[in-house]
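What follows is my_file.csv (CSV, C-alpha atoms).
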```csv
chain,number,residue,atom,x,y,z
A,1293,LYS,CA,0.0,0.0,0.0
A,1294,SER,CA,2.4,2.7,-1.2
A,1295,ASN,CA,2.0,6.3,-2.3
A,1296,GLN,CA,0.0,7.5,0.7
A,1297,ARG,CA,-1.7,10.8,0.1
A,1298,GLN,CA,-3.9,13.1,2.1
A,1299,VAL,CA,-7.3,14.3,0.9
A,1300,SER,CA,-9.3,16.5,3.3
A,1301,PHE,CA,-10.4,14.2,6.1
A,1302,LEU,CA,-9.9,11.0,4.1
A,1303,GLN,CA,-6.8,8.8,3.7
A,1304,LEU,CA,-6.4,7.1,0.3
A,1305,TRP,CA,-3.9,4.5,-0.8
A,1306,ARG,CA,-3.2,3.3,-4.3
A,1307,CYS,CA,-3.6,-0.4,-4.4
A,1308,ASP,CA,-3.2,-3.2,-6.9
A,1309,ALA,CA,-5.7,-3.8,-9.7
A,1310,GLY,CA,-6.9,-0.2,-9.9
A,1311,TYR,CA,-8.5,-0.1,-6.5
A,1312,ILE,CA,-8.1,2.3,-3.6
A,1313,LYS,CA,-8.5,1.7,0.1
A,1314,HIS,CA,-10.5,4.3,2.1
A,1315,SER,CA,-10.5,4.8,5.8
A,1316,SER,CA,-12.0,7.7,7.7
A,1317,LEU,CA,-10.6,9.2,10.9
A,1318,SER,CA,-12.8,6.9,12.9
A,1319,LYS,CA,-11.2,3.5,13.6
A,1320,ARG,CA,-13.6,1.5,11.4
A,1321,GLU,CA,-12.0,-0.9,9.0
A,1322,GLY,CA,-11.3,0.5,5.6
A,1323,PHE,CA,-13.2,-0.7,2.5
A,1324,PHE,CA,-12.3,-1.0,-1.2
A,1325,LEU,CA,-13.8,1.0,-4.1
A,1326,PRO,CA,-13.1,0.8,-7.8
A,1327,LEU,CA,-10.9,3.6,-9.0
A,1328,THR,CA,-13.2,5.1,-11.7
A,1329,PRO,CA,-14.3,8.6,-12.6
A,1330,LEU,CA,-17.8,7.7,-11.2
A,1331,ASN,CA,-16.4,7.7,-7.7
A,1332,GLN,CA,-15.5,11.4,-8.0
A,1333,ILE,CA,-12.7,10.9,-5.5
A,1334,ILE,CA,-9.8,13.4,-5.9
A,1335,ILE,CA,-6.3,12.1,-5.2
A,1336,MET,CA,-4.1,15.2,-4.8
A,1337,ASN,CA,-0.4,15.8,-4.3
A,1338,SER,CA,1.0,18.8,-2.5
A,1339,LYS,CA,2.2,21.6,-4.8
A,1340,THR,CA,4.8,24.4,-4.5
A,1341,ALA,CA,4.1,28.1,-5.0
A,1342,LYS,CA,6.2,28.3,-8.1
A,1343,GLU,CA,4.0,25.8,-9.8
A,1344,SER,CA,1.1,28.3,-9.8
A,1345,PHE,CA,3.2,31.3,-10.9
A,1346,ILE,CA,2.0,33.2,-13.9
A,1347,VAL,CA,2.8,36.5,-15.6
A,1348,MET,CA,0.1,38.3,-17.5
A,1349,THR,CA,1.1,41.1,-19.9
A,1350,GLU,CA,-1.1,43.9,-21.3
A,1351,LEU,CA,-0.5,47.0,-23.3
A,1352,VAL,CA,-2.2,50.2,-22.0
A,1353,LEU,CA,-4.3,51.6,-24.9
A,1354,PRO,CA,-6.4,54.8,-25.1
A,1355,ASN,CA,-9.6,53.0,-24.1
A,1356,ASP,CA,-7.9,51.8,-20.9
A,1357,THR,CA,-7.1,55.3,-19.6
A,1358,ASN,CA,-8.8,58.1,-17.8
A,1359,VAL,CA,-8.7,61.8,-18.7
A,1360,PHE,CA,-5.2,62.1,-17.3
A,1361,GLY,CA,-3.7,59.4,-19.5
A,1362,ASN,CA,-3.3,56.9,-16.7
A,1363,LEU,CA,-4.5,53.4,-16.6
A,1364,MET,CA,-7.9,53.2,-14.9
A,1365,GLY,CA,-8.0,51.4,-11.6
A,1366,GLY,CA,-11.0,49.4,-12.6
A,1367,ARG,CA,-9.4,48.1,-15.7
A,1368,LEU,CA,-6.3,47.1,-13.8
A,1369,MET,CA,-8.4,45.3,-11.2
A,1370,TYR,CA,-10.2,43.4,-14.0
A,1371,TRP,CA,-6.8,42.3,-15.4
A,1372,MET,CA,-5.6,41.3,-11.9
A,1373,ASP,CA,-8.8,39.2,-11.3
A,1374,ILE,CA,-8.0,37.3,-14.5
A,1375,ALA,CA,-4.3,36.8,-13.6
A,1376,SER,CA,-5.0,35.6,-10.1
A,1377,ALA,CA,-7.7,33.3,-11.2
A,1378,LEU,CA,-5.3,31.7,-13.7
A,1379,ALA,CA,-2.8,31.2,-10.9
A,1380,ALA,CA,-5.4,29.7,-8.5
A,1381,GLY,CA,-6.8,27.4,-11.3
A,1382,LYS,CA,-3.2,26.3,-12.1
A,1383,HIS,CA,-2.8,25.2,-8.4
A,1384,CYS,CA,-6.0,23.3,-8.1
A,1385,ASN,CA,-6.7,22.2,-11.7
A,1386,SER,CA,-10.3,23.1,-11.5
A,1387,PRO,CA,-12.6,26.2,-12.1
A,1388,VAL,CA,-12.4,28.9,-9.5
A,1389,VAL,CA,-14.5,31.9,-8.4
A,1390,THR,CA,-13.4,35.1,-6.7
A,1391,ALA,CA,-14.3,35.1,-3.0
A,1392,SER,CA,-12.6,38.3,-1.8
A,1393,VAL,CA,-10.3,41.1,-2.7
A,1394,ASP,CA,-8.0,42.6,-0.1
A,1395,ASN,CA,-6.9,46.3,0.0
A,1396,ILE,CA,-5.2,47.4,-3.2
A,1397,SER,CA,-2.6,50.1,-2.8
A,1398,PHE,CA,-1.7,52.0,-5.9
A,1399,GLU,CA,1.9,53.2,-5.7
A,1400,ASN,CA,2.6,54.6,-9.1
A,1401,PRO,CA,0.2,55.3,-12.1
A,1402,ILE,CA,0.7,53.4,-15.3
A,1403,LYS,CA,0.8,55.7,-18.3
A,1404,LEU,CA,-0.8,55.3,-21.8
A,1405,GLY,CA,1.5,53.2,-24.0
A,1406,ASN,CA,3.2,51.5,-21.1
A,1407,VAL,CA,3.2,47.8,-20.6
A,1408,VAL,CA,1.6,46.1,-17.6
A,1409,HIS,CA,3.1,43.0,-16.1
A,1410,ILE,CA,1.0,41.2,-13.5
A,1411,GLU,CA,2.9,38.5,-11.5
A,1412,ALA,CA,0.6,36.1,-9.5
A,1413,LYS,CA,1.1,33.0,-7.5
A,1414,VAL,CA,-0.7,31.1,-4.7
A,1415,THR,CA,0.6,31.9,-1.2
A,1416,ARG,CA,-1.4,29.4,0.8
A,1417,ALA,CA,-4.2,26.8,0.3
A,1418,PHE,CA,-6.9,26.1,2.9
A,1419,ASN,CA,-9.8,23.6,2.6
A,1420,SER,CA,-11.3,24.8,-0.6
A,1421,SER,CA,-9.9,28.3,-0.9
A,1422,MET,CA,-6.6,29.7,-2.0
A,1423,GLU,CA,-5.0,33.1,-1.4
A,1424,VAL,CA,-3.2,34.6,-4.4
A,1425,HIS,CA,-0.6,37.4,-4.1
A,1426,MET,CA,0.1,39.7,-7.0
A,1427,LYS,CA,2.7,42.3,-7.9
A,1428,VAL,CA,2.0,44.7,-10.7
A,1429,TRP,CA,4.8,46.3,-12.7
A,1430,GLY,CA,4.6,49.0,-15.3
A,1431,GLU,CA,7.2,49.3,-18.1
A,1432,ASP,CA,8.1,52.2,-20.2
A,1433,THR,CA,9.5,50.5,-23.3
A,1434,VAL,CA,10.8,53.8,-24.8
A,1435,SER,CA,12.8,54.8,-21.7
A,1436,GLN,CA,13.4,51.1,-20.9
A,1437,TYR,CA,12.3,51.8,-17.3
A,1438,ARG,CA,10.4,49.3,-15.1
A,1439,TYR,CA,8.5,50.4,-12.0
A,1440,LYS,CA,6.2,48.9,-9.4
A,1441,SER,CA,2.6,50.0,-9.6
A,1442,ASN,CA,0.8,48.0,-6.8
A,1443,GLU,CA,0.2,44.7,-5.1
A,1444,ALA,CA,-2.8,42.9,-3.7
A,1445,TYR,CA,-4.2,39.6,-2.3
A,1446,TYR,CA,-7.2,37.9,-3.9
A,1447,THR,CA,-9.0,34.8,-2.5
A,1448,PHE,CA,-10.5,32.1,-4.7
A,1449,VAL,CA,-12.6,29.0,-4.1
A,1450,ALA,CA,-12.3,25.9,-6.2
A,1451,LEU,CA,-15.5,24.3,-7.6
A,1452,ASP,CA,-16.4,20.8,-8.5
A,1453,PRO,CA,-18.6,19.8,-11.5
A,1454,ASN,CA,-21.7,20.6,-9.5
A,1455,ARG,CA,-20.3,24.1,-8.7
A,1456,LYS,CA,-19.8,23.2,-5.1
A,1457,PRO,CA,-16.5,23.9,-3.2
A,1458,ARG,CA,-14.0,21.2,-3.6
A,1459,PRO,CA,-10.8,20.4,-1.7
A,1460,VAL,CA,-7.6,21.9,-3.1
A,1461,PRO,CA,-4.0,20.6,-2.9
A,1462,GLU,CA,-1.8,21.7,0.0
A,1463,LEU,CA,0.8,24.3,-0.8
A,1464,ILE,CA,4.4,24.0,0.3
A,1465,PRO,CA,6.5,27.2,0.5
A,1466,GLU,CA,10.1,27.0,-0.4
A,1467,THR,CA,11.8,30.4,-0.5
A,1468,GLU,CA,12.0,32.8,2.5
A,1469,GLU,CA,9.6,35.1,0.7
A,1470,GLU,CA,7.1,32.3,0.1
A,1471,LYS,CA,7.4,31.2,3.8
A,1472,LYS,CA,6.7,34.8,4.9
A,1473,LEU,CA,3.7,35.0,2.7
A,1474,PHE,CA,2.5,31.6,3.8
A,1475,ASP,CA,2.7,32.5,7.5
A,1476,GLY,CA,0.9,35.8,7.0
A,1477,ALA,CA,-1.9,34.2,4.9
A,1478,LEU,CA,-3.6,32.7,8.0
A,1479,ARG,CA,-3.7,36.1,9.7
A,1480,ARG,CA,-5.0,37.8,6.6
A,1481,ARG,CA,-7.7,35.1,6.3
A,1482,GLN,CA,-8.8,35.6,9.9
A,1483,ILE,CA,-9.1,39.4,9.2
A,1484,ARG,CA,-11.3,38.6,6.2
A,1485,LEU,CA,-13.5,36.2,8.2
A,1486,ILE,CA,-13.9,38.8,11.1
A,1487,LEU,CA,-14.8,41.6,8.7
A,1488,GLY,CA,-17.2,39.3,6.9
A,1489,GLY,CA,-18.9,38.3,10.2
A,1490,LYS,CA,-17.8,34.7,9.9
A,1491,MET,CA,-15.4,34.6,12.8
A,1492,LYS,CA,-15.4,36.2,16.3
A,1493,PRO,CA,-12.3,38.3,17.1
A,1494,ASP,CA,-11.7,36.2,20.2
A,1495,ASP,CA,-11.4,33.1,18.0
A,1496,ALA,CA,-8.6,34.6,15.8
A,1497,ALA,CA,-5.7,33.1,17.7
A,1498,GLU,CA,-3.0,33.8,15.1
A,1499,LEU,CA,-4.2,37.4,14.8
A,1500,LYS,CA,-4.3,38.0,18.6
A,1501,ALA,CA,-0.8,36.7,19.0
A,1502,LEU,CA,0.5,39.8,17.2
A,1503,PHE,CA,-1.0,42.1,19.8
A,1504,VAL,CA,-1.4,40.1,23.0
A,1505,LYS,CA,1.5,38.4,24.8
A,1506,GLU,CA,0.6,35.9,27.4
```
Let's see the structure in the file written out as structure tokens.
Amino acid sequence: KSNQRQVSFLQLWRCDAGYIKHSSLSKREGFFLPLTPLNQIIIMNSKTAKESFIVMTELVLPNDTNVFGNLMGGRLMYWMDIASALAAGKHCNSPVVTASVDNISFENPIKLGNVVHIEAKVTRAFNSSMEVHMKVWGEDTVSQYRYKSNEAYYTFVALDPNRKPRPVPELIPETEEEKKLFDGALRRRQIRLILGGKMKPDDAAELKALFVKE
């Protein structure tokens, strides 16, 4: 019984003859099921952040700008939504929908005729949701100058064929930056849940630890 893998609350093992053994967290004896698409059982491996990394590039045209010749914030957010959805979908290999958008801070405007580069990758995966971090860069191809425009965090939920939330693969951070984003993702998630009325502040242990020392 090799290739043990974790799927939500289930333990699945690949077995001989195309069968899998299932055992729940209770101590009941496992049973065998045919490994066919009809079972709708997902066997997932953990993934790294770099596997979800994508770069989306756009050219700022007159229809994308405001009266000052700068890229409109709404148009940029639209592009960011697409880029982050691609990264989330790449991580879970399934359709995703936007669940939330964190604060977006605009550092520098992107001018008409400049190129926009949106870098997106998953920072952490939870049960069925994923946080995606993005950095947006502007590039003046005439002056050959590249500058940071903004960054943000988007959250997505993976859907099954019935458009219901489905489990997503665990994410394993590798670099120091990825580990920092991974650790902070839980606190950012707790903030989103508190603001959405889905969590009481007293239950946000990771968030409280930043301000309260026992």
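Counting all atoms listed in the file and comparing A:Leu1451, A:Leu1473, A:Ile1402, A:Ile1486, the residue that lies closest to Asn1385 (chain A) is A:Leu1451.
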Review point. CA of Asn1395 (chain A) and CA of Ala1377 (chain A), how far apart in Å?
Key: 17.2 Å
Check your understanding: Any idea what the distance is between CA of Lys1471 (chain A) and CA of Ala1380 (chain A)?
Key -> 17.8 Å
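Computed from the coordinates, the CA of Lys1456 (chain A) to CA of Lys1342 (chain A) distance equals 26.7 Å.
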Could you name the residues that touch region 1357-1367 of chain A at 12 Å or less, counting all atoms listed in the file, but leaving out those on the same chain fewer than 4 positions away, as a PDB file with C-alpha atoms, keeping the file's coordinate frame?
```pdb
ATOM      1  CA  GLU A1350      -1.100  43.900 -21.300  1.00  0.00           C
ATOM      2  CA  LEU A1351      -0.500  47.000 -23.300  1.00  0.00           C
ATOM      3  CA  VAL A1352      -2.200  50.200 -22.000  1.00  0.00           C
ATOM      4  CA  LEU A1353      -4.300  51.600 -24.900  1.00  0.00           C
ATOM      5  CA  TRP A1371      -6.800  42.300 -15.400  1.00  0.00           C
ATOM      6  CA  MET A1372      -5.600  41.300 -11.900  1.00  0.00           C
ATOM      7  CA  ASP A1373      -8.800  39.200 -11.300  1.00  0.00           C
ATOM      8  CA  ILE A1374      -8.000  37.300 -14.500  1.00  0.00           C
ATOM      9  CA  ILE A1396      -5.200  47.400  -3.200  1.00  0.00           C
ATOM     10  CA  SER A1397      -2.600  50.100  -2.800  1.00  0.00           C
ATOM     11  CA  PHE A1398      -1.700  52.000  -5.900  1.00  0.00           C
ATOM     12  CA  GLU A1399       1.900  53.200  -5.700  1.00  0.00           C
ATOM     13  CA  ASN A1400       2.600  54.600  -9.100  1.00  0.00           C
ATOM     14  CA  PRO A1401       0.200  55.300 -12.100  1.00  0.00           C
ATOM     15  CA  ILE A1402       0.700  53.400 -15.300  1.00  0.00           C
ATOM     16  CA  LYS A1403       0.800  55.700 -18.300  1.00  0.00           C
ATOM     17  CA  LEU A1404      -0.800  55.300 -21.800  1.00  0.00           C
ATOM     18  CA  GLY A1405       1.500  53.200 -24.000  1.00  0.00           C
ATOM     19  CA  ASN A1406       3.200  51.500 -21.100  1.00  0.00           C
ATOM     20  CA  VAL A1407       3.200  47.800 -20.600  1.00  0.00           C
ATOM     21  CA  VAL A1408       1.600  46.100 -17.600  1.00  0.00           C
ATOM     22  CA  GLY A1430       4.600  49.000 -15.300  1.00  0.00           C
ATOM     23  CA  SER A1441       2.600  50.000  -9.600  1.00  0.00           C
ATOM     24  CA  ASN A1442       0.800  48.000  -6.800  1.00  0.00           C
TER      25      ASN A1442
END
```
